[in-house]
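Have a look at the structure below, then the notes.
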2 protein chains.
Amino acid sequence: MNQFVKFISQFISLSNEDTIALENVLSNKSYKAGDKIVQQGNICNSILFTVSGKARSYFVNHEGQEFTWNFHFNDADSKFENYFLVDYHSFLRQTPSHLTIEALEDIEAITLSYTNIQKIVSKSINLEKVASIMSATAYQNVHKRAFTLLTSNAKERYLQLLKDEPYLLNKFQHYLIASYLGVAPQSLSRLRKEISKP
Amino acid sequence: MNQFVKFISQFISLSNEDTIALENVLSNKSYKAGDKIVQQGNICNSILFTVSGKARSYFVNHEGQEFTWNFHFNDADSKFENYFLVDYHSFLRQTPSHLTIEALEDIEAITLSYTNIQKIVSKSINLEKVASIMSATAYQNVHKRAFTLLTSNAKERYLQLLKDEPYLLNKFQHYLIASYLGVAPQSLSRLRKEISKP
DNA sequence: CACTTTCATTCACATTTGTGAAGAAATGAA
DNA sequence: TTCATTTCTTCACAAATGTGAATGAAAGTG
């Protein structure tokens with residue numbers, strides 16, 4: 001069974017017709033390490049479900065600095081949002097993306113385009129829940145992110161990462177983690193030292 | 001005409017039936033300055049549209065510190081989100097609120113309950129757009145908030161506020177603005193001094 | 001009006017975080 | 001393996017931000 005369909009069926013019950021309708025609009029896509037899967041400024045017109053490989057999403061400010069928004073991969077540790085290669089904001093509103101998503105390794109993915117999701121949503125009421133779950137999740141995550149950034153300092157943010165998603169430290173380079181936390185790599189290093197031996 | 005209906009009809013075209021259906025489920029509610037309109041930990045079960053008065057939403061961390069999430073008021077300067085007294089996250093998912101919303105002045109508001117919105121949404125497809133616009137807007141705002149906090153320092157955040165919503169400085173006390181920006185009141189004061197005479 | 005309370009500002013100093021440079025460690029390529 | 005490249009850590013110092021106390025301005029109250 002298609003991995004994406006399997007994933008979705010954890011959250012909503014799909015009839016046979018739904019499953020078939022869904023599978024019919026899905027296709028496979030692969031990217032090479034270094035490829036830009038989504039480009040800042042372009043409209044993100046499909047949702048990609050990661051099957052294998054790692055990616056990261058980030059934005060670049062006017063000075064050219066990169067800020068990691070999230071990490072993308074598919075394994076036992078993955079959270080909902082980690083599976084998807086998409087700028088929700090851009091996808092849902094069909095506006096230019098703020099994010100760039102870059103393959104850190106070769107990527108295998110399953111793709112569902114904006115036009116295709118429209119088709120199946122209009123046919124099958126059940127599938128509306130997919131979009132609803134995804135946007136609710138996206139909202140929840142971004143809310144938590146804003147909350148954390150507003151209320152916590154660098155050390156607290158790192159401790160929260162250690163608690164909530166410690167596996168990221170093994171999967172991704174520390175300078176990417178640092179930019180995810182909103183600190184300089186050297187500062188992250190200092191925090192790690194400080195915390196390891198109190 | 002009901003102010004809330006008027007507001008909504010800027011965004012979606014309401015048939016006469018829709019308008020009547022909507023007006024039937026709306027009611028007026030007032031609060032005294034200091035009242036808690038939404039309480040952190042409680043489920044937020046209605047959307048309130050501000051007619052007059054000012055409020056702010058904030059969360060309190062484990063140490064009792066307050067962080068201002070947003071400001072709420074209705075006048076020429078108001079942005080979409082400023083009109084509404086609601087924790088979207090709590091409202092949409094019917095989960096405990098992260099926010100407390102407190103009346104800073106006496107408040108007149110129009111209320112639309114969760115159960116009532118369900119009723120009219122099922123009757124009138126058109127009104128589905130209300131929820132969709134509101135949640136998309138909420139998402140957009142929280143996204144921008146997270147983005148700004150991740151990528152900008154205190155000075156840049158203050159300059160952005162000066163650019164995007166300078167009227168807040170006249171409407172709300174500076175220590176509240178400071179907590180909205182995520183800085184100490186003294187630091188905001190220092191930034192203001194620094195920026196006023198370069 | 002005088003009195004009290006709240007808020008904004010300022011200052012000195014502490015703490016946190018950033019920065020550039022250097023070297024150590026890890027990784028990848030031949 | 002060896003060599004080159006990348007990443008991580010460490011350090012010294014700089015810049016940004018927090019903190020507590022003091023002051024004065026503004027607003028509210030009688």
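Chain identifiers are assigned as A, B, and so on, following the order in which chains appear in the structure tokens; residues are numbered from 1 within each chain, and ligands are numbered from 1 in order of appearance.
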
With 8 Å as the limit and counting only C-alpha atoms (C1' of nucleotides), what residues in chain A lie close to chain D? Please list them as a PyMOL selection string. chain A and resi 173-174+186+189

Show me which bits of chain B are within 8 Å of chain A, counting only C-alpha atoms, as a PDB file with N, CA, C and O atoms, in the first residue's frame.
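To be explicit, this is the file written out as selection_4.pdb:
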ATOM      1  N   ASN B  61       3.798  32.204  31.795  1.00  0.00           N
ATOM      2  CA  ASN B  61       4.620  30.992  31.838  1.00  0.00           C
ATOM      3  C   ASN B  61       4.671  30.416  33.259  1.00  0.00           C
ATOM      4  O   ASN B  61       4.045  30.951  34.175  1.00  0.00           O
ATOM      5  N   PHE B  67       3.336  37.316  28.889  1.00  0.00           N
ATOM      6  CA  PHE B  67       3.798  37.668  27.549  1.00  0.00           C
ATOM      7  C   PHE B  67       2.601  38.055  26.704  1.00  0.00           C
ATOM      8  O   PHE B  67       1.678  37.259  26.538  1.00  0.00           O
ATOM      9  N   HIS B  89      -6.813  28.729  18.359  1.00  0.00           N
ATOM     10  CA  HIS B  89      -6.357  27.372  18.554  1.00  0.00           C
ATOM     11  C   HIS B  89      -7.342  26.617  19.432  1.00  0.00           C
ATOM     12  O   HIS B  89      -7.808  25.527  19.102  1.00  0.00           O
ATOM     13  N   TYR B 139      -3.472  31.853  11.011  1.00  0.00           N
ATOM     14  CA  TYR B 139      -2.242  31.148  10.658  1.00  0.00           C
ATOM     15  C   TYR B 139      -1.191  32.109  10.123  1.00  0.00           C
ATOM     16  O   TYR B 139      -0.040  32.094  10.528  1.00  0.00           O
ATOM     17  N   GLN B 140      -1.640  32.969   9.241  1.00  0.00           N
ATOM     18  CA  GLN B 140      -0.741  33.956   8.640  1.00  0.00           C
ATOM     19  C   GLN B 140      -0.063  34.829   9.705  1.00  0.00           C
ATOM     20  O   GLN B 140       1.125  35.088   9.643  1.00  0.00           O
ATOM     21  N   VAL B 142       0.339  34.219  12.976  1.00  0.00           N
ATOM     22  CA  VAL B 142       1.213  33.511  13.894  1.00  0.00           C
ATOM     23  C   VAL B 142       2.503  33.122  13.164  1.00  0.00           C
ATOM     24  O   VAL B 142       3.587  33.138  13.731  1.00  0.00           O
ATOM     25  N   HIS B 143       2.369  32.868  11.889  1.00  0.00           N
ATOM     26  CA  HIS B 143       3.532  32.574  11.066  1.00  0.00           C
ATOM     27  C   HIS B 143       4.469  33.775  11.024  1.00  0.00           C
ATOM     28  O   HIS B 143       5.668  33.661  11.235  1.00  0.00           O
ATOM     29  N   ARG B 145       4.608  36.161  13.136  1.00  0.00           N
ATOM     30  CA  ARG B 145       5.138  36.380  14.483  1.00  0.00           C
ATOM     31  C   ARG B 145       6.356  35.492  14.717  1.00  0.00           C
ATOM     32  O   ARG B 145       7.397  35.956  15.185  1.00  0.00           O
ATOM     33  N   ALA B 146       6.221  34.212  14.420  1.00  0.00           N
ATOM     34  CA  ALA B 146       7.321  33.269  14.615  1.00  0.00           C
ATOM     35  C   ALA B 146       8.516  33.668  13.757  1.00  0.00           C
ATOM     36  O   ALA B 146       9.660  33.677  14.213  1.00  0.00           O
ATOM     37  N   PHE B 147       8.234  34.006  12.512  1.00  0.00           N
ATOM     38  CA  PHE B 147       9.280  34.429  11.582  1.00  0.00           C
ATOM     39  C   PHE B 147      10.064  35.611  12.150  1.00  0.00           C
ATOM     40  O   PHE B 147      11.286  35.610  12.200  1.00  0.00           O
ATOM     41  N   LEU B 149      10.265  36.716  15.246  1.00  0.00           N
ATOM     42  CA  LEU B 149      10.992  36.404  16.471  1.00  0.00           C
ATOM     43  C   LEU B 149      12.250  35.587  16.188  1.00  0.00           C
ATOM     44  O   LEU B 149      13.262  35.747  16.860  1.00  0.00           O
ATOM     45  N   LEU B 150      12.177  34.737  15.179  1.00  0.00           N
ATOM     46  CA  LEU B 150      13.342  33.904  14.856  1.00  0.00           C
ATOM     47  C   LEU B 150      14.435  34.715  14.182  1.00  0.00           C
ATOM     48  O   LEU B 150      15.608  34.501  14.433  1.00  0.00           O
ATOM     49  N   THR B 151      14.030  35.652  13.349  1.00  0.00           N
ATOM     50  CA  THR B 151      15.011  36.294  12.483  1.00  0.00           C
ATOM     51  C   THR B 151      15.436  37.705  12.897  1.00  0.00           C
ATOM     52  O   THR B 151      16.395  38.234  12.358  1.00  0.00           O
ATOM     53  N   LEU B 181       6.685  42.603  22.188  1.00  0.00           N
ATOM     54  CA  LEU B 181       7.915  42.483  21.402  1.00  0.00           C
ATOM     55  C   LEU B 181       8.884  41.457  21.974  1.00  0.00           C
ATOM     56  O   LEU B 181       9.856  41.074  21.317  1.00  0.00           O
ATOM     57  N   GLY B 182       8.618  41.039  23.200  1.00  0.00           N
ATOM     58  CA  GLY B 182       9.514  40.083  23.842  1.00  0.00           C
ATOM     59  C   GLY B 182      10.774  40.717  24.408  1.00  0.00           C
ATOM     60  O   GLY B 182      11.844  40.133  24.367  1.00  0.00           O
TER      61      GLY B 182
END

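Rounded to one decimal, atom CA of B:Asp87 and atom CA of B:Phe71 lie 12.4 Å from each other.
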
For a quick test of understanding: name the residues of chain C lying within 10 Å of chain A when counting only C-alpha atoms (C1' of nucleotides), and present them as JSON, numbers by chain. {"C": [16, 17, 18, 19]}

Quick one: residues within 9 Å of B:Ser30, only C-alpha atoms (C1' of nucleotides) counted, chain neighbours fewer than 4 positions away excluded, as a PyMOL selection string? chain B and resi 106-110

Restricting it to N, CA, C and O atoms, dump the selection as a PDB file, in the first residue's frame.
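Generated file (again_5.pdb):
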ATOM      1  N   ASP B 106     -13.754  48.893  29.588  1.00  0.00           N
ATOM      2  CA  ASP B 106     -15.054  48.255  29.401  1.00  0.00           C
ATOM      3  C   ASP B 106     -15.199  47.866  27.936  1.00  0.00           C
ATOM      4  O   ASP B 106     -14.788  48.605  27.038  1.00  0.00           O
ATOM      5  N   ILE B 107     -15.762  46.685  27.719  1.00  0.00           N
ATOM      6  CA  ILE B 107     -15.843  46.138  26.359  1.00  0.00           C
ATOM      7  C   ILE B 107     -17.298  45.875  25.974  1.00  0.00           C
ATOM      8  O   ILE B 107     -18.051  45.308  26.761  1.00  0.00           O
ATOM      9  N   GLU B 108     -17.638  46.290  24.761  1.00  0.00           N
ATOM     10  CA  GLU B 108     -18.887  45.841  24.138  1.00  0.00           C
ATOM     11  C   GLU B 108     -18.504  44.910  23.000  1.00  0.00           C
ATOM     12  O   GLU B 108     -17.650  45.252  22.183  1.00  0.00           O
ATOM     13  N   ALA B 109     -19.159  43.766  22.958  1.00  0.00           N
ATOM     14  CA  ALA B 109     -18.783  42.783  21.942  1.00  0.00           C
ATOM     15  C   ALA B 109     -20.005  42.047  21.411  1.00  0.00           C
ATOM     16  O   ALA B 109     -21.062  42.051  22.027  1.00  0.00           O
ATOM     17  N   ILE B 110     -19.817  41.461  20.231  1.00  0.00           N
ATOM     18  CA  ILE B 110     -20.842  40.613  19.641  1.00  0.00           C
ATOM     19  C   ILE B 110     -20.305  39.195  19.655  1.00  0.00           C
ATOM     20  O   ILE B 110     -19.155  38.959  19.262  1.00  0.00           O
TER      21      ILE B 110
END

Using every Cα, in order, as the fitting set, what is the least-squares RMSD of chain B against chain A? 0.0 Å

Backbone DSSP call of strand (DSSP E) for chain B, listed as a ChimeraX atom specification: /B:26-31,36-38,46-52,55-60,66-72,84-85,100-103,107-113

Take the residues from that selection and put them in a file with C-alpha atoms, as a compact mmCIF listing (two decimals), in the first residue's frame.
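So result31.txt came out as:
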# COMPACT_ATOMS: atom_id res chain seq x y z
CA LEU B 26 -25.36 36.53 17.32
CA SER B 27 -25.79 38.20 20.68
CA ASN B 28 -24.33 41.13 22.57
CA LYS B 29 -22.07 40.80 25.53
CA SER B 30 -20.28 43.33 27.69
CA TYR B 31 -17.32 43.18 30.05
CA LYS B 36 -11.07 37.97 32.00
CA ILE B 37 -12.85 37.33 28.72
CA VAL B 38 -10.98 34.11 28.04
CA SER B 46 -17.14 31.61 21.31
CA ILE B 47 -15.76 34.17 18.95
CA LEU B 48 -16.21 37.71 20.19
CA PHE B 49 -16.16 40.63 17.81
CA THR B 50 -15.03 43.82 19.52
CA VAL B 51 -17.40 46.75 19.12
CA SER B 52 -15.76 49.10 21.60
CA ALA B 55 -8.25 44.27 25.48
CA ARG B 56 -5.08 42.29 25.31
CA SER B 57 -4.34 38.60 25.09
CA TYR B 58 -1.34 37.14 26.87
CA PHE B 59 0.08 33.97 28.28
CA VAL B 60 1.66 33.33 31.60
CA GLU B 66 3.19 37.49 31.29
CA PHE B 67 3.80 37.67 27.55
CA THR B 68 1.47 39.75 25.43
CA TRP B 69 0.22 37.88 22.43
CA ASN B 70 -1.92 40.53 20.81
CA PHE B 71 -4.02 43.64 21.25
CA HIS B 72 -7.71 43.89 20.58
CA PHE B 84 -11.56 39.29 17.50
CA LEU B 85 -11.42 38.19 21.11
CA THR B 100 -5.90 34.76 28.69
CA ILE B 101 -7.79 37.69 27.22
CA GLU B 102 -8.28 40.59 29.58
CA ALA B 103 -10.40 43.68 29.13
CA ILE B 107 -15.84 46.14 26.36
CA GLU B 108 -18.89 45.84 24.14
CA ALA B 109 -18.78 42.78 21.94
CA ILE B 110 -20.84 40.61 19.64
CA THR B 111 -20.62 36.94 20.34
CA LEU B 112 -20.91 33.87 18.11
CA SER B 113 -20.71 30.57 19.93

Write out as a PyMOL selection string the residues lying within 10 Å of A:Asn24, counting only C-alpha atoms (C1' of nucleotides) and excluding same-chain residues fewer than 5 positions away. chain A and resi 18-19+112+116+120

So how many Å separate atom CA of B:Ile133 and atom CA of B:Glu165, to one decimal? 21.4 Å

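We find atom CA of A:Met1 and atom CA of A:Gln118 to be spaced 22.7 Å apart.
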